[in-house]
Amino acid sequence: MKKGIILLYTIMLSITAAAQETLTPINCKTLIVRLAEIEVYPQYLTEYLKYANEVDRLSVEREPGVVCLFPMQSAEDSTQIRILEIYASEEAYQSHIKTEHFQRYKQGTLPLDPGTMKLIFKKQR
(Lines give C-alpha, C1' and ligand atoms only; values in the text may rest on other atoms or scores of the structure.)
Protein backbone atom coordinates (compact mmCIF):
# COMPACT_ATOMS: atom_id res chain seq x y z
CA MET A 1 0.00 0.00 0.00
CA LYS A 2 2.80 2.38 0.94
CA LYS A 3 4.55 1.69 -2.40
CA GLY A 4 1.32 2.51 -4.22
CA ILE A 5 0.95 5.84 -2.45
CA ILE A 6 4.57 6.75 -3.17
CA LEU A 7 4.12 5.76 -6.84
CA LEU A 8 0.93 7.82 -7.11
CA TYR A 9 2.64 10.83 -5.49
CA THR A 10 5.61 10.51 -7.86
CA ILE A 11 3.31 10.32 -10.87
CA MET A 12 1.37 13.38 -9.70
CA LEU A 13 4.59 15.37 -9.28
CA SER A 14 5.73 14.34 -12.77
CA ILE A 15 2.40 15.33 -14.28
CA THR A 16 2.44 18.67 -12.48
CA ALA A 17 5.94 19.38 -13.78
CA ALA A 18 4.98 18.31 -17.31
CA ALA A 19 1.81 20.42 -17.20
CA GLN A 20 3.88 23.49 -16.44
CA GLU A 21 5.82 22.89 -19.67
CA THR A 22 2.82 22.29 -21.96
CA LEU A 23 1.46 24.86 -24.38
CA THR A 24 -2.02 24.54 -22.88
CA PRO A 25 -2.04 25.58 -19.22
CA ILE A 26 -3.82 23.25 -16.81
CA ASN A 27 -5.74 24.65 -13.88
CA CYS A 28 -4.85 22.36 -10.98
CA LYS A 29 -7.95 23.50 -9.09
CA THR A 30 -10.26 21.89 -11.66
CA LEU A 31 -8.35 18.62 -12.19
CA ILE A 32 -10.32 15.41 -11.85
CA VAL A 33 -8.25 12.45 -10.66
CA ARG A 34 -9.72 8.95 -10.79
CA LEU A 35 -8.28 5.55 -10.01
CA ALA A 36 -10.10 2.72 -11.75
CA GLU A 37 -9.60 -0.78 -10.34
CA ILE A 38 -10.44 -3.55 -12.77
CA GLU A 39 -10.23 -7.34 -12.57
CA VAL A 40 -10.16 -9.15 -15.91
CA TYR A 41 -10.90 -12.82 -16.52
CA PRO A 42 -7.51 -14.40 -17.33
CA GLN A 43 -8.69 -15.85 -20.64
CA TYR A 44 -9.65 -12.34 -21.84
CA LEU A 45 -6.58 -10.44 -20.62
CA THR A 46 -4.95 -10.06 -24.05
CA GLU A 47 -8.21 -8.80 -25.58
CA TYR A 48 -8.79 -6.40 -22.68
CA LEU A 49 -5.28 -4.96 -22.99
CA LYS A 50 -5.85 -4.37 -26.72
CA TYR A 51 -8.97 -2.29 -25.98
CA ALA A 52 -7.29 -0.49 -23.08
CA ASN A 53 -4.19 0.44 -25.09
CA GLU A 54 -6.33 1.79 -27.91
CA VAL A 55 -8.53 3.97 -25.69
CA ASP A 56 -5.51 5.27 -23.77
CA ARG A 57 -3.65 6.21 -26.95
CA LEU A 58 -6.61 7.80 -28.74
CA SER A 59 -7.78 9.69 -25.66
CA VAL A 60 -4.42 11.35 -25.07
CA GLU A 61 -3.92 12.05 -28.80
CA ARG A 62 -7.38 13.45 -29.55
CA GLU A 63 -8.69 14.95 -26.32
CA PRO A 64 -6.93 18.04 -24.95
CA GLY A 65 -8.79 17.65 -21.65
CA VAL A 66 -7.28 14.22 -21.01
CA VAL A 67 -4.12 15.01 -19.07
CA CYS A 68 -3.10 11.40 -18.47
CA LEU A 69 -4.32 7.82 -18.59
CA PHE A 70 -1.75 5.64 -16.85
CA PRO A 71 -2.63 1.92 -16.81
CA MET A 72 -0.79 -0.45 -14.46
CA GLN A 73 -0.94 -4.23 -14.01
CA SER A 74 -0.31 -5.79 -10.62
CA ALA A 75 3.04 -7.58 -10.44
CA GLU A 76 1.42 -10.29 -8.29
CA ASP A 77 -1.64 -10.82 -10.51
CA SER A 78 -1.65 -9.51 -14.09
CA THR A 79 -5.46 -9.69 -14.23
CA GLN A 80 -5.63 -6.87 -11.66
CA ILE A 81 -5.51 -3.56 -13.55
CA ARG A 82 -5.43 -0.04 -12.15
CA ILE A 83 -5.77 3.03 -14.33
CA LEU A 84 -4.80 6.45 -13.05
CA GLU A 85 -6.95 8.93 -14.95
CA ILE A 86 -6.40 12.69 -14.83
CA TYR A 87 -8.68 15.14 -16.61
CA ALA A 88 -8.39 18.90 -16.89
CA SER A 89 -11.95 19.32 -15.57
CA GLU A 90 -15.26 17.59 -14.95
CA GLU A 91 -16.34 18.77 -18.41
CA ALA A 92 -13.29 17.07 -19.96
CA TYR A 93 -14.16 13.83 -18.17
CA GLN A 94 -17.81 13.98 -19.27
CA SER A 95 -16.69 14.66 -22.84
CA HIS A 96 -14.23 11.75 -22.68
CA ILE A 97 -16.84 9.16 -21.67
CA LYS A 98 -18.98 10.16 -24.65
CA THR A 99 -16.25 9.67 -27.28
CA GLU A 100 -16.50 6.88 -29.82
CA HIS A 101 -13.22 5.30 -28.71
CA PHE A 102 -14.26 5.24 -25.04
CA GLN A 103 -17.66 3.75 -25.88
CA ARG A 104 -15.94 1.07 -28.00
CA TYR A 105 -13.67 0.28 -25.01
CA LYS A 106 -16.55 0.23 -22.55
CA GLN A 107 -18.80 -1.98 -24.66
CA GLY A 108 -15.96 -4.21 -25.79
CA THR A 109 -14.66 -4.91 -22.30
CA LEU A 110 -17.81 -5.33 -20.20
CA PRO A 111 -17.98 -9.11 -20.68
CA LEU A 112 -14.25 -9.46 -19.93
CA ASP A 113 -14.51 -8.40 -16.30
CA PRO A 114 -16.07 -10.49 -13.54
CA GLY A 115 -18.24 -7.61 -12.32
CA THR A 116 -16.18 -4.56 -11.53
CA MET A 117 -16.48 -2.74 -14.86
CA LYS A 118 -20.25 -2.37 -14.54
CA LEU A 119 -19.77 -0.53 -11.26
CA ILE A 120 -16.72 1.48 -12.26
CA PHE A 121 -18.51 3.63 -14.79
CA LYS A 122 -21.15 4.62 -12.23
CA LYS A 123 -18.50 6.09 -9.95
CA GLN A 124 -17.97 9.78 -10.42
CA ARG A 125 -15.62 10.65 -7.54
# chains A, B, ... in the order shown; residues from 1 in each chain; ligands from 1
call {"tool": "residues_around", "arguments": {"residues": "stretch 77-84 of chain A", "least_positions_apart": "4", "cutoff": "7 Å", "atoms": "only C-alpha atoms", "output": "list of chain:residue names"}}
result
A:Arg34, A:Leu35, A:Ala36, A:Glu37, A:Ile38, A:Glu39, A:Val40, A:Tyr41, A:Pro42, A:Leu45, A:Leu69, A:Phe70, A:Pro71, A:Met72, A:Gln73
call {"tool": "residues_around", "arguments": {"residues": "A:Tyr87", "least_positions_apart": "2", "cutoff": "7 Å", "atoms": "only C-alpha atoms", "output": "ChimeraX atom specification"}}
result
/A:31-33,65-68,85,89,92-93
call {"tool": "residues_around", "arguments": {"residues": "A:Glu63", "least_positions_apart": "4", "cutoff": "12 Å", "atoms": "only C-alpha atoms", "output": "ChimeraX atom specification"}}
result
/A:55-59,67-69,86-88,91-102
